[in-house]
Structures are given as C-alpha cells and as structure tokens.
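A short worksheet on the structure shown next.
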Amino acid sequence: MIILNGKLITWQAENLLLEQMAIRLVDGRIAEIAPQAELIARYPQEETLDAGGQYVMPGNICAHTHFYGAFARGMAIPGAAPKDFPEILQKLWWPLDRSLTLEDVRLSTQVMLADAIRHGTTTLIDHHASPNAIEGSLDVIAEEVEKAGLRAVLCYEVTDRDGAEKTQAGIDENLRFLKACAGGKWPLVRATFGLHASLTLSDETLERCRSLAPAGVGFHIHAAESDADEYDSLAKSGLRVVDRLQRHGILGKNTILAHCVHVDAREMQILAESGSWVTHQPRSNMNNAVGVAPVESLLRMGVPVCLGTDGFSSTMWEEWKFAYLVQKVWHRDPRRMPANLIAEMAIHNNAALAGRFFDEAPLGVLKEGAFADLIFVDYHPHTPLTADNLPWHIVFGFHESMITTTIVNGKILMKDRRLLTIDEAAVATRARDFAPRAWQRYQANVLGGEE
C-alpha cells in the first residue's frame, strides 16, 4: 500500500517535516519514503490510501497503563472518600481487581483497546491484576490485543496482599506467559515480569521472582508512587524503595518503574546507573494527590523517563498537556517543563522502551525499515508548524479528536474515524451489562471488609 497526499512528521532524532512525499508499506514495515510521483510511477498497480493533506506521523506509545481498570469509570466508592493513597488502594483498586472474572478482564481489555485505536495509541505497556482470575488472564488480554491489531507488552502484577497461594499463582502466570511469548505465540504481544509495588512485596517474594525470571527478563513495578511506599520500605528493610529493589536485583535495562514521585537524589543516581526506565503519569498522580514526580531532575541525571497514562483514557496528547502544566504550578515557575522535554519522554524515550520488546524493527519513527504504525491527524494550524515548534503545537493545538486513521503493522485499524477491527458500540453495550455485576461484587468486597 502507498500512502499519498500526507504531510509527514518523521520523529527521527533530527525531526523532519516532509511534503510531496509518499510512504510505501510492505509486510508491516515502511519499505520506502520517496517523492510521490516517483512511487506512483514505479508501482502503478499498488493499492493507495489518500491522506487528503492530513499529517501522517508515528502512532503514539503508552509506557504504563492498566486495562483492568476500565470498569472504574463512574463507580461509586462506599462510605467516606479515601483520604490518601493507601486508602485509595484499599477502598477502590484492590476490591475492584478482586471483583473481576476472566470475562470482565476480556471486556475491560476490549474497551481500552477501542479507546486506544480511536485515540491513535498503537503500542501499550500494560500492568494487569485480577486476583480471583489469575490463571490464563494474560492469554485473554493477548487474544484481544491480537484481534484488535494493536501492539502490547503484558505482565501480571505479583503481590503478597492476597496470600501465598495467589502470590505463587501470579508468579506462575508471568512465567507461563513469558514462555508463550518467547515461542512466538502472539506476534503483536510481548511479555515482561510484573510486580505490584514494594509495599505489598516481601523480601522473600522479591528474591523468588528474581531467581525464577528468565535471564535477560526485566520487571514492571510501581515505585515510590506515594511516600507510604518509601516509609513501608524503610520499615521493612531500612532501605528506600529503589535501594531495596536494587538489593534484590530487580533493576536493569529491561525494568520499568512506574511513577517514582518520591525518589531522592541517591535513588535517581541508582536508577541512572542501572539503566532502569521510569514512567511518568501526571494525570494519575494529580488524581491520587500523591505529588509531582521530579522528571526534570531524573532526566538530568540520565534516567530515561517515559510517559504513560496509568489506566486513564489512551489520550497521550492529553497526558502531554498535564505533564507540561503540572510542573509549572507545582514549582510556581512558568519556565519548568518545556514541551520539547515532553517530546523527549513521550516520543523518543517511549519508542526506545517499546523497542526493548519489539526489537525486530524501529518503532515510533517514520523511516525506511521501521514498523508501519501510523496515524493521520486532521490538524489545520493557523500559525507556522515547524520541526522546532511541533512539541508546542501538540501541547496547545493537537487533540485526539483530530485523529482520523490508525494503522498498526501496515493494517488499517481505523479509517475516517470508523473502527474496523472492534465493534465499539457492541463492546460498550456488553460492558454496560457486565459492569454492574462487577460493581456488586466490588461493593460486597468493600462492605465485607476484604480490602
């Protein structure tokens, strides 16, 4: 297929904006980028897709999300509102994840994948939990990812909070799924080893996970999201969270630490030295009132910081906006967090992180040989748009409603705003049928004191 009449945003290291150029896709890759007239002349029989003057750019990548949280939207929390992050876990997320059946997991995934396609997010790194439906849960998610046509990196978050039997079941689910992915069972899916957070993991469990994880496999874990995580780690081990994870061999070039809101200078240094990845989720941090991550300092220390959503809608440009604004109000300084720094996280670092898992071809860039993961954006700037000011156009001008077409691995998943691989209305209807039942189980969990 040849994509015609697009204005190309390449997001290469030296970003280029190209006009009068076309893209030829072959076997899920970008085979050629060349003058439009030349490609048409050389491949007169090739199928074409007319971008109609829209911007054509790499699909967005989400570095940390939770598909399983889809049913939380609009759900009432019994009793007084949670006063802090530990109570949010105890009153909302832990009773909710205990309420999920495998069919709830499937529907939650379908809902979130439809959202991702519509909003131009083509690769997602998910962190899953369903303590009463552990075995096979990652297969359920992988099946839906493959049907939808997106890319995803999956894991199950191991925790001690539900007892030794379920701790082991979570470990087993990660190991089983890692083996399946290593065997090529899911072409668009990769695996890592999930851990919940330091505050719900014993030293024994951390040691067991490290010893059982295959060589070269990293971990995906929440870290220092709240100061409660740091105080818990100090009480357990006399070490701060990052120091504790380092002691147990959890850090490394394939390990992802979500949030890191409360890390200190030494922890940042350890993260940089280990090559571990950090993901920033400003909307979630604001919603949970846990503070604002020191992302500028982390980046300055050499830590590769990425951008995720933590289960919010897969609207990555909305996450850009919050990342841009929250540092300014937090520090009371309008000079903080320029948009080009957000592009470093959301474009270059996210692509590099995803590339650790999908290493057969470059991701997140328009160049020959890269994966053909693309979006069309119907944006009509009223001021000049250049390679230099593009990040500020994204913050102040771009919106996900402008995305009209989503392509992954050369396959069109949404064309002219119509989803082709998921029946969005049918999924929403079915989810509305299942969500009330999950909510009833959630209410019983909370009122029964099982949180």
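Following the order of the structure tokens, first chain is A, next is B, and so on, with residues numbered from 1 inside each chain and ligands from 1 in the order they appear.
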Item to complete: Would you mind writing down, as JSON, numbers by chain, each residue of segment 272-351 of chain A that DSSP on the backbone assigns to strand (DSSP E or B)?
Response: {"A": [277, 278, 279, 280, 305, 306, 307]}
Keeping N, CA and C atoms for every residue in the selection just given, could you write it to a file as an mmCIF file, in the first residue's frame?
```cif
data_model
loop_
_atom_site.group_PDB
_atom_site.id
_atom_site.type_symbol
_atom_site.label_atom_id
_atom_site.label_comp_id
_atom_site.auth_asym_id
_atom_site.auth_seq_id
_atom_site.Cartn_x
_atom_site.Cartn_y
_atom_site.Cartn_z
ATOM 1 N N TRP A 277 14.145 2.074 33.513
ATOM 2 C CA TRP A 277 13.216 3.036 32.915
ATOM 3 C C TRP A 277 12.221 3.518 33.959
ATOM 4 N N VAL A 278 11.849 4.788 33.893
ATOM 5 C CA VAL A 278 10.827 5.367 34.761
ATOM 6 C C VAL A 278 9.696 5.884 33.884
ATOM 7 N N THR A 279 8.451 5.674 34.327
ATOM 8 C CA THR A 279 7.323 6.238 33.585
ATOM 9 C C THR A 279 6.603 7.279 34.433
ATOM 10 N N HIS A 280 6.203 8.346 33.772
ATOM 11 C CA HIS A 280 5.551 9.496 34.409
ATOM 12 C C HIS A 280 4.087 9.501 33.993
ATOM 13 N N VAL A 305 13.176 8.684 31.207
ATOM 14 C CA VAL A 305 11.806 8.844 31.691
ATOM 15 C C VAL A 305 10.857 8.796 30.506
ATOM 16 N N CYS A 306 9.785 8.022 30.643
ATOM 17 C CA CYS A 306 8.783 7.853 29.597
ATOM 18 C C CYS A 306 7.439 8.404 30.081
ATOM 19 N N LEU A 307 6.446 8.368 29.212
ATOM 20 C CA LEU A 307 5.129 8.905 29.550
ATOM 21 C C LEU A 307 4.079 7.801 29.413
#
```
Practice prompt. Run DSSP on the backbone of this structure and report the residues of segment 94-318 of chain A it assigns to helix (DSSP H, G or I), as a PyMOL selection string.
Written response: chain A and resi 94-98+102-118+137-148+164-182+198-200+203-212+227-237+241-247+265-274+282-288+295-300+316-318
Worksheet entry | Near-Ile171 of chain A list (12 Å; only C-alpha atoms; drop same-chain fewer than 6 positions) as a PyMOL selection string | chain A and resi 129+131+134-135+155-160+164-165+177-178+192-196+205-213+219
Could those residues be written to a file, using N, CA and C atoms, as a CSV table (one decimal), in the first residue's frame?
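Okay, this is what ended up in result.csv:
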```csv
chain,number,residue,atom,x,y,z
A,129,ALA,N,-3.9,-7.0,36.9
A,129,ALA,CA,-4.2,-7.6,38.2
A,129,ALA,C,-5.7,-8.1,38.2
A,131,PRO,N,-7.0,-10.8,41.0
A,131,PRO,CA,-6.6,-11.9,42.0
A,131,PRO,C,-7.5,-13.1,42.0
A,134,ILE,N,-6.6,-15.3,37.9
A,134,ILE,CA,-5.2,-15.1,37.6
A,134,ILE,C,-4.8,-16.0,36.4
A,135,GLU,N,-5.0,-17.3,36.5
A,135,GLU,CA,-4.5,-18.2,35.5
A,135,GLU,C,-5.2,-18.0,34.2
A,155,CYS,N,2.0,-8.2,31.5
A,155,CYS,CA,2.6,-8.8,32.7
A,155,CYS,C,1.5,-9.0,33.7
A,156,TYR,N,1.7,-9.8,34.7
A,156,TYR,CA,0.7,-9.9,35.8
A,156,TYR,C,1.4,-9.4,37.1
A,157,GLU,N,0.8,-8.5,37.8
A,157,GLU,CA,1.4,-7.9,39.0
A,157,GLU,C,1.4,-8.8,40.2
A,158,VAL,N,2.5,-9.4,40.5
A,158,VAL,CA,2.7,-10.2,41.7
A,158,VAL,C,2.6,-9.4,42.9
A,159,THR,N,1.8,-9.9,43.9
A,159,THR,CA,1.7,-9.2,45.2
A,159,THR,C,1.5,-10.2,46.3
A,160,ASP,N,1.9,-9.9,47.5
A,160,ASP,CA,1.6,-10.7,48.7
A,160,ASP,C,0.3,-10.4,49.4
A,164,ALA,N,-0.2,-16.4,50.2
A,164,ALA,CA,0.9,-17.1,49.5
A,164,ALA,C,0.5,-17.9,48.2
A,165,GLU,N,-0.7,-18.5,48.2
A,165,GLU,CA,-1.2,-19.2,47.1
A,165,GLU,C,-1.4,-18.3,45.9
A,177,PHE,N,3.4,-17.1,30.7
A,177,PHE,CA,3.2,-16.2,29.6
A,177,PHE,C,4.5,-15.8,28.9
A,178,LEU,N,5.6,-15.6,29.7
A,178,LEU,CA,6.9,-15.3,29.2
A,178,LEU,C,7.3,-16.4,28.2
A,192,THR,N,6.7,-9.2,30.0
A,192,THR,CA,7.7,-8.9,31.0
A,192,THR,C,7.2,-9.5,32.3
A,193,PHE,N,7.9,-9.3,33.4
A,193,PHE,CA,7.5,-9.9,34.7
A,193,PHE,C,6.9,-8.8,35.6
A,194,GLY,N,5.7,-8.9,35.9
A,194,GLY,CA,5.0,-7.9,36.7
A,194,GLY,C,5.2,-8.1,38.2
A,195,LEU,N,5.4,-7.0,38.9
A,195,LEU,CA,5.4,-6.9,40.4
A,195,LEU,C,4.5,-5.7,40.7
A,196,HIS,N,3.7,-5.8,41.8
A,196,HIS,CA,2.8,-4.7,42.2
A,196,HIS,C,3.6,-3.5,42.7
A,205,THR,N,9.5,-12.8,48.5
A,205,THR,CA,8.9,-12.8,47.2
A,205,THR,C,9.7,-12.1,46.1
A,206,LEU,N,10.4,-11.0,46.5
A,206,LEU,CA,11.3,-10.4,45.5
A,206,LEU,C,12.4,-11.3,45.1
A,207,GLU,N,13.0,-12.0,46.1
A,207,GLU,CA,14.0,-12.9,45.8
A,207,GLU,C,13.6,-14.1,44.9
A,208,ARG,N,12.4,-14.6,45.2
A,208,ARG,CA,11.8,-15.7,44.4
A,208,ARG,C,11.6,-15.3,43.0
A,209,CYS,N,11.0,-14.1,42.8
A,209,CYS,CA,10.8,-13.6,41.4
A,209,CYS,C,12.1,-13.4,40.7
A,210,ARG,N,13.1,-12.8,41.3
A,210,ARG,CA,14.3,-12.6,40.7
A,210,ARG,C,15.0,-13.9,40.3
A,211,SER,N,14.9,-14.9,41.1
A,211,SER,CA,15.5,-16.2,40.9
A,211,SER,C,14.8,-17.0,39.8
A,212,LEU,N,13.5,-16.8,39.7
A,212,LEU,CA,12.7,-17.5,38.7
A,212,LEU,C,12.6,-16.9,37.3
A,213,ALA,N,12.8,-15.6,37.3
A,213,ALA,CA,12.7,-14.8,36.0
A,213,ALA,C,13.8,-15.3,35.0
A,219,PHE,N,11.5,-6.3,34.9
A,219,PHE,CA,10.3,-6.3,35.7
A,219,PHE,C,9.5,-5.0,35.4
```
Worksheet item: atom CA of Val408 of chain A to atom CA of Val145 of chain A: how many Å, to one decimal?
Response: 11.5 Å
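Distance-wise, atom CA of Met316 of chain A and atom CA of Asp359 of chain A end up 22.6 Å apart.
When only C-alpha atoms are used to compute distances to Pro86 of chain A, the closest of the residues A:Ser226, A:Asn287, A:Thr405, A:Thr386 turns out to be A:Ser226.
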Worksheet item: Which residue gives the smallest distance to Pro304 of chain A among A:Ala224, A:Cys181, A:Leu107, A:Ala63, with only C-alpha atoms counted?
Response: A:Ala63
Worksheet item: Any idea what's packed within 6 Å of segment 267-276 of chain A, counting only C-alpha atoms, ignoring anything in its chain fewer than 4 positions away? Could you give it as a list of chain:residue names?
Response: A:Val242, A:Leu251, A:Gly252, A:Lys253, A:Thr255, A:Val263, A:Gly302, A:Val303
Those selected residues, please, written with C-alpha atoms and delivered as a compact mmCIF listing (two decimals), in the first residue's frame.
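Below is the file selection_38.txt, written as the result:
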```txt
# COMPACT_ATOMS: atom_id res chain seq x y z
CA VAL A 242 14.88 1.98 44.82
CA LEU A 251 16.60 -3.01 38.44
CA GLY A 252 18.15 -3.10 34.99
CA LYS A 253 17.89 -2.11 31.35
CA THR A 255 12.95 -2.96 34.07
CA VAL A 263 12.61 9.21 44.98
CA GLY A 302 20.39 10.44 32.83
CA VAL A 303 17.33 8.36 33.75
```
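Checking A:Arg437, A:Lys321, A:His259, A:Lys328 one by one against Leu298 of chain A, counting only C-alpha atoms, you find the shortest gap at A:His259.
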Item to complete: Calculate how many Å separate atom CA of His127 of chain A from atom CA of Asn340 of chain A, rounding to one decimal.
Response: 27.7 Å
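Each of A:Thr109, A:Thr48, A:Asn389, A:Thr10 was checked against Ile33 of chain A using only C-alpha atoms; the smallest atom-to-atom distance is that of A:Thr10.
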How close does segment 31-91 of chain A get to segment 411-431 of chain A? List, as a Markdown table, each residue of segment 31-91 of chain A within 12 Å, its nearest atom pair and the distance in Å to one decimal, counting only C-alpha atoms.
```
| residue | atom | partner | partner_atom | distance |
| --- | --- | --- | --- | --- |
| A:Leu49 | CA | A:Lys415 | CA | 9.9 |
| A:Asp50 | CA | A:Lys415 | CA | 10.8 |
| A:Ala51 | CA | A:Asp416 | CA | 9.8 |
| A:Gly52 | CA | A:Asp416 | CA | 10.8 |
| A:Gln54 | CA | A:Asp416 | CA | 11.4 |
| A:Gly59 | CA | A:Leu413 | CA | 11.7 |
| A:Ala70 | CA | A:Ala431 | CA | 9.3 |
| A:Phe71 | CA | A:Ala431 | CA | 8.1 |
| A:Ala72 | CA | A:Ala431 | CA | 11.7 |
| A:Arg73 | CA | A:Ala431 | CA | 11.5 |
```
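Compared by their closest atoms to Asn254 of chain A, and using only C-alpha atoms, the residues A:Gly216, A:Gly291, A:Pro44, A:Pro391 rank with A:Gly216 nearest.
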